[in-house]
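These notes are about the structure you will find just below.
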Amino acid sequence: MVPRSHPAIFSQKFSLTSALLVFSLVLNGLLLLRPPKHGQLLSDDNWKGMGWTRKAAEEAEAVSLQYQCSGHGYVFVDTFITDDNGSLACECNACYTGLDCSQFLPDCLANANEGDPIFLEPFWIANAEAAATVVPAWYRMSYDVKDGLEISLISPELEKQIRAIHELVGNAVTQGRYIVLGTGSLQLINAAVYSLSPFHAPNSSQVVSASPYYGAFRDQIEMFDSVESVWKGDARAWIKQTESLNSSTFIEFVTSPNNPKGILDESVLTGNNVRAVYDHAYYWPHYTGIPRPADEDVMLFTLSKLTGHAGSRLGWAIVKDYDVYKRMYMYVRVNTFGVSHDTQLRATRLLKAIINGYRQRQPKRLEDGQTNEKHLLFHYAYRVMRSRWQRVERIFSGSDRFSLQSLEPGNCTFFRRVTGPSPAYAWVKCEREEERECAGVFEKGGIIARNGKAFEADRRYVRLSLIKREDNFELLERRLRALVSSSAIVTY
Ligand code: PMP
């Protein structure tokens, strides 16, 4: 536990406190000048009530500004770890320990397994004020939201911001399309399968995805084990089975850009009975050029990979057909009765902060954003991901033991130029004959990688996550360098 001492932090604290004070004075002034309207808060008690935001903000800032955790950890408002005296201790990044996270654990494995997108943490720290969410204790306590006379599960403001962010980026058509929210896009995988499967048909729908595919598609279908759908593995295995394709419904999941390869994939099956669900979790300028707005029948997006807020658990589907939309909506309604309003509010604030960052600065090309980059999410995120990819490429270049997926530069209509690859994952192959179990080779090298078999690919492949914290990436980079230069052979 180390109190912050950096002058920049103090000036940030000072400016935030001043901003809060000015905001409060201006708001008070405005409320005094305006005549009371129905529903407006103007009584003395209400004035006193205004103090809660200040107190809540002070508490939140006191915690987040007070501890620097040696740059390798965090203290949040609900951090529960305490030292012997009962005061707060830091929550340390992986491979760091101690009350202030200053001790590095040299034998710790570099964990490149999970696709946890926390590389965007520094962006949100730099934009703390623009994106902070204040949640009053009585905020939307009801199950639903009143939208005029209608009852809805989605906040109209969030729906507006989701459409606006797609409009800003140009990565999806939303006009005339329906939007369904899910608890992460994970919830929408099965919602889509349920909605596209034939009602009361004698045959279940067959769910497939071209290998290597994101393993959650398979895991969910197998776990839910519904009479309506059955997992049928690699989509390519069905290309020539036209008889099957014509006699039963196929649902093909297409992840574009692909997880793990990073390539803009398209469906491999065609036929009247094939329904494609496009998972566009990574179809944002951080991870790929955006050649055109996607306009498929069912498209899944997630806040996790857009803003990095995986823990808030928000995904959305953009759906063309009203009946499919209605069934997806009913699935979510029956399953969880919608997504937490607190999450919806937070997502609204985050999306607004991104959009305002661009409205206020209006950069058109990648180069235009350089000076303002810390307020421009896509510019910032692309730069980080591009640099990580270049560093990984450099390590593997010239190696005959390992090969890395090959990615081409692509046109990005958002940045108005061709951009170099910046994928979320490295997809690595162990090339030596005797090194058939690639994940084991990486583990010996001090790295936890995801085994290719999780993607229904060969065990000679592994996936490395490039989207975690900088600490994690730097350790991965060091271990990769050592592994690639070592001549030891790891056999299994
Ligand atoms: N689709 C893909 C391709 C993913 O990689 C992920 C997360 N790893 C998801 C969906 C799930 O995202 P969410 O956090 O919204 O559940």
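Labels for the structure tokens follow display order: chains A, B, ..., residues from 1 in each chain, ligands from 1.
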
Cut-off 9 Å, only C-alpha atoms and all ligand atoms, neighbours of ligand 1 as number ranges by chain | A: 114-117, 182-189, 213-217, 254-260, 279-282, 300-305, 309-316

Per DSSP on the backbone, filter range 131-265 of chain A down to the residues in alpha helix (DSSP H) and report them as an MDAnalysis selection string.
-> chainID A and resid 131 156:169 184:196 216:224 242:247

Identify which of the residues A:Phe224, A:Tyr382, A:Trp427, A:Phe455 lies closest to Phe119 in chain A, counting only C-alpha atoms when measuring atom-to-atom distances.
->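 Of all the options, A:Tyr382 lies closest to Phe119 in chain A.
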
Considering only C-alpha atoms, return as number ranges by chain whatever protein or nucleic-acid residues lie within 7 Å of range 349-363 of chain A, sequence-local ones (same chain, fewer than 5 positions apart) excluded.
-> A: 130-131, 133, 161, 165, 368-369, 375-377

Write out as a list in words all residues of range 170-267 of chain A that DSSP puts in strand (DSSP E or B) for this structure's backbone.
->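 Taking range 170-267 of chain A and keeping strand (DSSP E or B) only, one gets Ala172, Tyr178, Ile179, Val180, Leu181, Gly182, Thr183, Ser205, Gln206, Val207, Val208, Ser209, Ser229, Val230, Trp231, Lys232, Gly233, Asp234, Phe250, Ile251, Glu252, Phe253, Val254 and Thr255 of chain A.
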
Residues near range 289-297 of chain A, cut-off 10 Å, only C-alpha atoms, skip fewer than 3 positions along chain, as a PDB file with N, CA and C atoms, in the first residue's frame:
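So out.pdb came out as:
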ATOM      1  N   HIS A 166     -22.061   2.443 -33.990  1.00  0.00           N
ATOM      2  CA  HIS A 166     -21.917   1.745 -35.279  1.00  0.00           C
ATOM      3  C   HIS A 166     -21.905   2.752 -36.436  1.00  0.00           C
ATOM      4  N   GLU A 167     -22.683   3.795 -36.292  1.00  0.00           N
ATOM      5  CA  GLU A 167     -22.726   4.846 -37.315  1.00  0.00           C
ATOM      6  C   GLU A 167     -21.365   5.543 -37.385  1.00  0.00           C
ATOM      7  N   VAL A 169     -18.404   4.380 -36.527  1.00  0.00           N
ATOM      8  CA  VAL A 169     -17.337   3.506 -37.018  1.00  0.00           C
ATOM      9  C   VAL A 169     -17.631   2.997 -38.434  1.00  0.00           C
ATOM     10  N   GLY A 170     -18.906   2.883 -38.757  1.00  0.00           N
ATOM     11  CA  GLY A 170     -19.274   2.344 -40.074  1.00  0.00           C
ATOM     12  C   GLY A 170     -19.049   0.852 -40.164  1.00  0.00           C
ATOM     13  N   ASN A 171     -19.222   0.131 -39.035  1.00  0.00           N
ATOM     14  CA  ASN A 171     -18.958  -1.319 -39.066  1.00  0.00           C
ATOM     15  C   ASN A 171     -20.224  -2.177 -39.088  1.00  0.00           C
ATOM     16  N   ALA A 172     -21.401  -1.554 -39.001  1.00  0.00           N
ATOM     17  CA  ALA A 172     -22.619  -2.363 -39.073  1.00  0.00           C
ATOM     18  C   ALA A 172     -23.803  -1.481 -39.449  1.00  0.00           C
ATOM     19  N   VAL A 173     -24.688  -2.040 -40.249  1.00  0.00           N
ATOM     20  CA  VAL A 173     -25.925  -1.342 -40.590  1.00  0.00           C
ATOM     21  C   VAL A 173     -26.897  -1.547 -39.427  1.00  0.00           C
ATOM     22  N   THR A 174     -27.445  -0.453 -38.907  1.00  0.00           N
ATOM     23  CA  THR A 174     -28.425  -0.609 -37.824  1.00  0.00           C
ATOM     24  C   THR A 174     -29.787  -0.034 -38.193  1.00  0.00           C
ATOM     25  N   ARG A 177     -33.053  -2.080 -38.332  1.00  0.00           N
ATOM     26  CA  ARG A 177     -32.706  -3.365 -37.701  1.00  0.00           C
ATOM     27  C   ARG A 177     -33.150  -3.325 -36.238  1.00  0.00           C
ATOM     28  N   SER A 256     -16.031 -13.138 -37.297  1.00  0.00           N
ATOM     29  CA  SER A 256     -15.327 -12.313 -38.268  1.00  0.00           C
ATOM     30  C   SER A 256     -15.052 -10.933 -37.671  1.00  0.00           C
ATOM     31  N   PRO A 257     -13.774 -10.584 -37.417  1.00  0.00           N
ATOM     32  CA  PRO A 257     -12.574 -11.378 -37.602  1.00  0.00           C
ATOM     33  C   PRO A 257     -12.607 -12.642 -36.749  1.00  0.00           C
ATOM     34  N   LEU A 264     -10.881 -11.826 -41.641  1.00  0.00           N
ATOM     35  CA  LEU A 264     -12.306 -11.548 -41.860  1.00  0.00           C
ATOM     36  C   LEU A 264     -12.924 -12.731 -42.598  1.00  0.00           C
ATOM     37  N   ARG A 275     -28.537 -21.025 -42.085  1.00  0.00           N
ATOM     38  CA  ARG A 275     -28.680 -19.698 -41.451  1.00  0.00           C
ATOM     39  C   ARG A 275     -27.336 -19.341 -40.827  1.00  0.00           C
ATOM     40  N   ALA A 276     -26.818 -18.184 -41.174  1.00  0.00           N
ATOM     41  CA  ALA A 276     -25.516 -17.795 -40.613  1.00  0.00           C
ATOM     42  C   ALA A 276     -25.708 -16.792 -39.484  1.00  0.00           C
ATOM     43  N   VAL A 277     -24.937 -16.994 -38.419  1.00  0.00           N
ATOM     44  CA  VAL A 277     -24.904 -16.009 -37.330  1.00  0.00           C
ATOM     45  C   VAL A 277     -23.481 -15.453 -37.308  1.00  0.00           C
ATOM     46  N   TYR A 278     -23.351 -14.158 -37.530  1.00  0.00           N
ATOM     47  CA  TYR A 278     -22.020 -13.545 -37.564  1.00  0.00           C
ATOM     48  C   TYR A 278     -21.669 -12.986 -36.196  1.00  0.00           C
ATOM     49  N   HIS A 280     -19.389 -10.681 -34.507  1.00  0.00           N
ATOM     50  CA  HIS A 280     -18.481  -9.580 -34.864  1.00  0.00           C
ATOM     51  C   HIS A 280     -17.817  -8.977 -33.624  1.00  0.00           C
ATOM     52  N   TYR A 283     -14.944  -6.928 -34.677  1.00  0.00           N
ATOM     53  CA  TYR A 283     -15.061  -6.112 -35.887  1.00  0.00           C
ATOM     54  C   TYR A 283     -15.069  -4.623 -35.511  1.00  0.00           C
ATOM     55  N   TRP A 284     -13.960  -4.205 -34.940  1.00  0.00           N
ATOM     56  CA  TRP A 284     -13.744  -2.819 -34.533  1.00  0.00           C
ATOM     57  C   TRP A 284     -12.349  -2.415 -35.014  1.00  0.00           C
ATOM     58  N   PRO A 285     -12.105  -1.120 -35.227  1.00  0.00           N
ATOM     59  CA  PRO A 285     -10.832  -0.711 -35.843  1.00  0.00           C
ATOM     60  C   PRO A 285      -9.597  -1.048 -35.002  1.00  0.00           C
ATOM     61  N   HIS A 286      -9.769  -1.442 -33.716  1.00  0.00           N
ATOM     62  CA  HIS A 286      -8.568  -1.825 -32.957  1.00  0.00           C
ATOM     63  C   HIS A 286      -7.952  -3.091 -33.529  1.00  0.00           C
ATOM     64  N   LEU A 300     -23.698 -10.490 -33.909  1.00  0.00           N
ATOM     65  CA  LEU A 300     -23.462 -10.341 -32.466  1.00  0.00           C
ATOM     66  C   LEU A 300     -22.289  -9.399 -32.227  1.00  0.00           C
ATOM     67  N   ALA A 317     -27.314  -8.095 -30.113  1.00  0.00           N
ATOM     68  CA  ALA A 317     -27.503  -8.678 -31.435  1.00  0.00           C
ATOM     69  C   ALA A 317     -28.231  -7.653 -32.295  1.00  0.00           C
ATOM     70  N   ILE A 318     -27.790  -7.552 -33.549  1.00  0.00           N
ATOM     71  CA  ILE A 318     -28.491  -6.701 -34.522  1.00  0.00           C
ATOM     72  C   ILE A 318     -29.168  -7.667 -35.494  1.00  0.00           C
ATOM     73  N   VAL A 319     -30.484  -7.544 -35.575  1.00  0.00           N
ATOM     74  CA  VAL A 319     -31.263  -8.578 -36.261  1.00  0.00           C
ATOM     75  C   VAL A 319     -32.150  -7.955 -37.343  1.00  0.00           C
ATOM     76  N   LYS A 320     -32.169  -8.587 -38.526  1.00  0.00           N
ATOM     77  CA  LYS A 320     -32.966  -8.048 -39.646  1.00  0.00           C
ATOM     78  C   LYS A 320     -34.443  -8.408 -39.535  1.00  0.00           C
ATOM     79  N   ASP A 321     -34.694  -9.665 -39.209  1.00  0.00           N
ATOM     80  CA  ASP A 321     -36.057 -10.175 -39.286  1.00  0.00           C
ATOM     81  C   ASP A 321     -36.803 -10.005 -37.954  1.00  0.00           C
ATOM     82  N   VAL A 324     -37.398 -13.316 -35.873  1.00  0.00           N
ATOM     83  CA  VAL A 324     -36.160 -13.818 -35.239  1.00  0.00           C
ATOM     84  C   VAL A 324     -35.828 -12.930 -34.027  1.00  0.00           C
ATOM     85  N   TYR A 382      -6.008   0.969 -31.519  1.00  0.00           N
ATOM     86  CA  TYR A 382      -5.308   0.442 -32.704  1.00  0.00           C
ATOM     87  C   TYR A 382      -3.800   0.534 -32.494  1.00  0.00           C
ATOM     88  N   PRO A 409      -2.303  -6.280 -44.623  1.00  0.00           N
ATOM     89  CA  PRO A 409      -2.926  -4.976 -44.331  1.00  0.00           C
ATOM     90  C   PRO A 409      -4.290  -4.909 -45.011  1.00  0.00           C
ATOM     91  N   GLY A 410      -5.198  -4.119 -44.460  1.00  0.00           N
ATOM     92  CA  GLY A 410      -6.549  -4.046 -45.055  1.00  0.00           C
ATOM     93  C   GLY A 410      -7.049  -2.617 -45.057  1.00  0.00           C
ATOM     94  N   ASN A 411      -7.989  -2.352 -45.961  1.00  0.00           N
ATOM     95  CA  ASN A 411      -8.540  -1.000 -46.031  1.00  0.00           C
ATOM     96  C   ASN A 411      -9.447  -0.758 -44.827  1.00  0.00           C
ATOM     97  N   CYS A 412      -9.264   0.400 -44.219  1.00  0.00           N
ATOM     98  CA  CYS A 412     -10.120   0.741 -43.080  1.00  0.00           C
ATOM     99  C   CYS A 412     -10.859   2.027 -43.402  1.00  0.00           C
ATOM    100  N   THR A 413     -12.173   1.924 -43.620  1.00  0.00           N
ATOM    101  CA  THR A 413     -12.950   3.118 -43.976  1.00  0.00           C
ATOM    102  C   THR A 413     -13.014   4.085 -42.790  1.00  0.00           C
ATOM    103  N   PHE A 414     -12.864   3.551 -41.569  1.00  0.00           N
ATOM    104  CA  PHE A 414     -12.916   4.436 -40.402  1.00  0.00           C
ATOM    105  C   PHE A 414     -11.665   5.334 -40.342  1.00  0.00           C
ATOM    106  N   PHE A 415     -10.489   4.740 -40.516  1.00  0.00           N
ATOM    107  CA  PHE A 415      -9.246   5.534 -40.461  1.00  0.00           C
ATOM    108  C   PHE A 415      -8.905   6.170 -41.813  1.00  0.00           C
ATOM    109  N   ARG A 416      -9.696   5.838 -42.819  1.00  0.00           N
ATOM    110  CA  ARG A 416      -9.496   6.350 -44.180  1.00  0.00           C
ATOM    111  C   ARG A 416      -8.106   6.060 -44.727  1.00  0.00           C
ATOM    112  N   ARG A 417      -7.662   4.833 -44.510  1.00  0.00           N
ATOM    113  CA  ARG A 417      -6.386   4.406 -45.082  1.00  0.00           C
ATOM    114  C   ARG A 417      -6.248   2.895 -44.912  1.00  0.00           C
ATOM    115  N   VAL A 418      -5.223   2.352 -45.539  1.00  0.00           N
ATOM    116  CA  VAL A 418      -4.932   0.941 -45.349  1.00  0.00           C
ATOM    117  C   VAL A 418      -4.177   0.809 -44.033  1.00  0.00           C
ATOM    118  N   THR A 419      -4.630  -0.101 -43.191  1.00  0.00           N
ATOM    119  CA  THR A 419      -3.961  -0.262 -41.888  1.00  0.00           C
ATOM    120  C   THR A 419      -3.294  -1.639 -41.803  1.00  0.00           C
ATOM    121  N   GLY A 420      -2.174  -1.658 -41.087  1.00  0.00           N
ATOM    122  CA  GLY A 420      -1.462  -2.922 -40.875  1.00  0.00           C
ATOM    123  C   GLY A 420      -2.194  -3.775 -39.860  1.00  0.00           C
ATOM    124  N   PRO A 421      -1.943  -5.099 -39.849  1.00  0.00           N
ATOM    125  CA  PRO A 421      -2.660  -6.005 -38.946  1.00  0.00           C
ATOM    126  C   PRO A 421      -2.470  -5.659 -37.463  1.00  0.00           C
ATOM    127  N   SER A 422      -3.523  -5.897 -36.693  1.00  0.00           N
ATOM    128  CA  SER A 422      -3.484  -5.590 -35.255  1.00  0.00           C
ATOM    129  C   SER A 422      -4.427  -6.569 -34.535  1.00  0.00           C
TER     130      SER A 422
END

Work out how far CA of Glu61 in chain A is from CA of Phe80 in chain A, in Å to one decimal.
-> 16.6 Å

Leaving out range 471-475 of chain A and any residue of its chain fewer than 5 positions from it, which residues lie within 12 Å of it when counting only C-alpha atoms, given as number ranges by chain?
-> A: 70-73, 92-96, 101, 104-114, 116-119, 121, 384-385, 387-389, 391-392, 424-425, 445-448, 464-466, 480-482

Could you write out the selected residues, including N, CA and C atoms, as a short mmCIF file (atom, residue, chain, number, x, y, z; two decimals), in the first residue's frame?
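As written to disk, out.cif reads:
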data_model
loop_
_atom_site.label_atom_id
_atom_site.label_comp_id
_atom_site.auth_asym_id
_atom_site.auth_seq_id
_atom_site.Cartn_x
_atom_site.Cartn_y
_atom_site.Cartn_z
N SER A 70 2.56 0.40 -7.02
CA SER A 70 3.82 0.25 -7.76
C SER A 70 3.60 0.13 -9.26
N GLY A 71 2.45 0.56 -9.73
CA GLY A 71 2.16 0.43 -11.16
C GLY A 71 1.81 -0.99 -11.57
N HIS A 72 1.67 -1.90 -10.59
CA HIS A 72 1.38 -3.30 -10.94
C HIS A 72 0.12 -3.82 -10.25
N GLY A 73 -0.79 -2.92 -9.89
CA GLY A 73 -2.01 -3.38 -9.24
C GLY A 73 -2.99 -2.23 -9.07
N CYS A 92 -3.11 -7.18 -6.92
CA CYS A 92 -1.94 -7.15 -7.82
C CYS A 92 -2.22 -7.79 -9.18
N ASN A 93 -1.55 -7.25 -10.20
CA ASN A 93 -1.58 -7.88 -11.52
C ASN A 93 -0.94 -9.26 -11.42
N ALA A 94 -1.20 -10.10 -12.40
CA ALA A 94 -0.62 -11.45 -12.40
C ALA A 94 0.90 -11.34 -12.31
N CYS A 95 1.49 -12.23 -11.53
CA CYS A 95 2.95 -12.32 -11.36
C CYS A 95 3.55 -11.23 -10.48
N TYR A 96 2.72 -10.44 -9.82
CA TYR A 96 3.23 -9.46 -8.84
C TYR A 96 2.56 -9.74 -7.50
N CYS A 101 2.25 -4.53 -4.36
CA CYS A 101 2.48 -5.21 -5.65
C CYS A 101 3.88 -4.95 -6.22
N PHE A 104 8.01 -8.91 -7.91
CA PHE A 104 7.77 -9.72 -9.11
C PHE A 104 8.04 -11.18 -8.77
N LEU A 105 7.19 -12.09 -9.23
CA LEU A 105 7.38 -13.52 -8.97
C LEU A 105 8.10 -14.13 -10.18
N PRO A 106 9.40 -14.37 -10.08
CA PRO A 106 10.17 -14.74 -11.28
C PRO A 106 9.74 -16.06 -11.91
N ASP A 107 9.19 -16.99 -11.11
CA ASP A 107 8.84 -18.29 -11.70
C ASP A 107 7.40 -18.35 -12.23
N CYS A 108 6.74 -17.23 -12.15
CA CYS A 108 5.33 -17.18 -12.56
C CYS A 108 5.20 -17.37 -14.08
N LEU A 109 4.20 -18.15 -14.49
CA LEU A 109 3.99 -18.37 -15.93
C LEU A 109 3.31 -17.14 -16.54
N ALA A 110 3.69 -16.80 -17.76
CA ALA A 110 3.01 -15.71 -18.47
C ALA A 110 1.69 -16.28 -18.98
N ASN A 111 0.58 -15.78 -18.46
CA ASN A 111 -0.72 -16.36 -18.83
C ASN A 111 -1.30 -15.65 -20.06
N ALA A 112 -1.20 -16.33 -21.19
CA ALA A 112 -1.73 -15.75 -22.45
C ALA A 112 -2.95 -16.55 -22.90
N ASN A 113 -3.63 -17.15 -21.93
CA ASN A 113 -4.74 -18.04 -22.25
C ASN A 113 -6.04 -17.27 -22.52
N GLU A 114 -6.41 -16.39 -21.59
CA GLU A 114 -7.75 -15.78 -21.70
C GLU A 114 -7.78 -14.55 -22.61
N ASP A 116 -9.04 -11.74 -22.15
CA ASP A 116 -9.53 -10.70 -21.24
C ASP A 116 -9.00 -9.35 -21.73
N PRO A 117 -9.87 -8.48 -22.23
CA PRO A 117 -9.39 -7.30 -22.99
C PRO A 117 -9.01 -6.11 -22.12
N ILE A 118 -8.17 -6.31 -21.11
CA ILE A 118 -7.90 -5.17 -20.20
C ILE A 118 -6.78 -4.27 -20.68
N PHE A 119 -6.37 -4.45 -21.94
CA PHE A 119 -5.35 -3.53 -22.46
C PHE A 119 -5.89 -2.11 -22.54
N GLU A 121 -7.45 -0.50 -20.14
CA GLU A 121 -7.51 0.15 -18.81
C GLU A 121 -6.87 1.55 -18.82
N VAL A 384 -2.03 0.52 -29.76
CA VAL A 384 -1.53 -0.50 -28.81
C VAL A 384 -1.48 -1.86 -29.49
N MET A 385 -2.57 -2.24 -30.14
CA MET A 385 -2.65 -3.57 -30.74
C MET A 385 -1.68 -3.73 -31.90
N SER A 387 1.19 -2.17 -32.22
CA SER A 387 2.56 -2.28 -31.69
C SER A 387 2.79 -3.69 -31.11
N ARG A 388 1.78 -4.23 -30.42
CA ARG A 388 1.96 -5.58 -29.85
C ARG A 388 2.16 -6.61 -30.96
N TRP A 389 1.39 -6.48 -32.03
CA TRP A 389 1.50 -7.44 -33.13
C TRP A 389 2.89 -7.34 -33.78
N ARG A 391 5.59 -6.38 -32.39
CA ARG A 391 6.59 -6.96 -31.48
C ARG A 391 6.58 -8.49 -31.56
N VAL A 392 5.39 -9.07 -31.62
CA VAL A 392 5.27 -10.54 -31.72
C VAL A 392 5.81 -11.02 -33.06
N ALA A 424 -6.27 -9.58 -32.18
CA ALA A 424 -6.37 -9.80 -30.73
C ALA A 424 -5.53 -11.00 -30.28
N TYR A 425 -5.25 -11.93 -31.20
CA TYR A 425 -4.55 -13.15 -30.82
C TYR A 425 -3.45 -13.50 -31.81
N GLY A 445 8.25 -23.33 -21.78
CA GLY A 445 8.86 -22.02 -21.96
C GLY A 445 8.27 -20.96 -21.03
N GLY A 446 7.45 -21.39 -20.05
CA GLY A 446 6.92 -20.44 -19.06
C GLY A 446 5.72 -19.65 -19.55
N ILE A 447 4.98 -20.21 -20.51
CA ILE A 447 3.83 -19.49 -21.08
C ILE A 447 2.59 -20.39 -21.08
N ILE A 448 1.47 -19.86 -20.59
CA ILE A 448 0.21 -20.63 -20.70
C ILE A 448 -0.49 -20.16 -21.98
N LEU A 464 -2.32 -17.32 -28.47
CA LEU A 464 -1.77 -16.44 -27.42
C LEU A 464 -2.61 -15.17 -27.39
N SER A 465 -3.07 -14.81 -26.21
CA SER A 465 -3.87 -13.59 -26.09
C SER A 465 -2.95 -12.37 -26.05
N LEU A 466 -3.28 -11.36 -26.88
CA LEU A 466 -2.46 -10.14 -26.92
C LEU A 466 -3.21 -8.96 -26.33
N LEU A 480 8.60 -15.29 -24.74
CA LEU A 480 8.59 -15.71 -26.15
C LEU A 480 9.99 -15.58 -26.75
N ARG A 481 10.64 -14.48 -26.43
CA ARG A 481 11.99 -14.25 -26.97
C ARG A 481 12.91 -15.39 -26.55
N ALA A 482 12.83 -15.74 -25.25
CA ALA A 482 13.69 -16.82 -24.74
C ALA A 482 13.33 -18.14 -25.40
#

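Shortest atom-to-atom contact with Met330 in chain A among A:Ala57, A:Asp100, A:Ser195, A:Gln66: A:Ser195, counting only C-alpha atoms.
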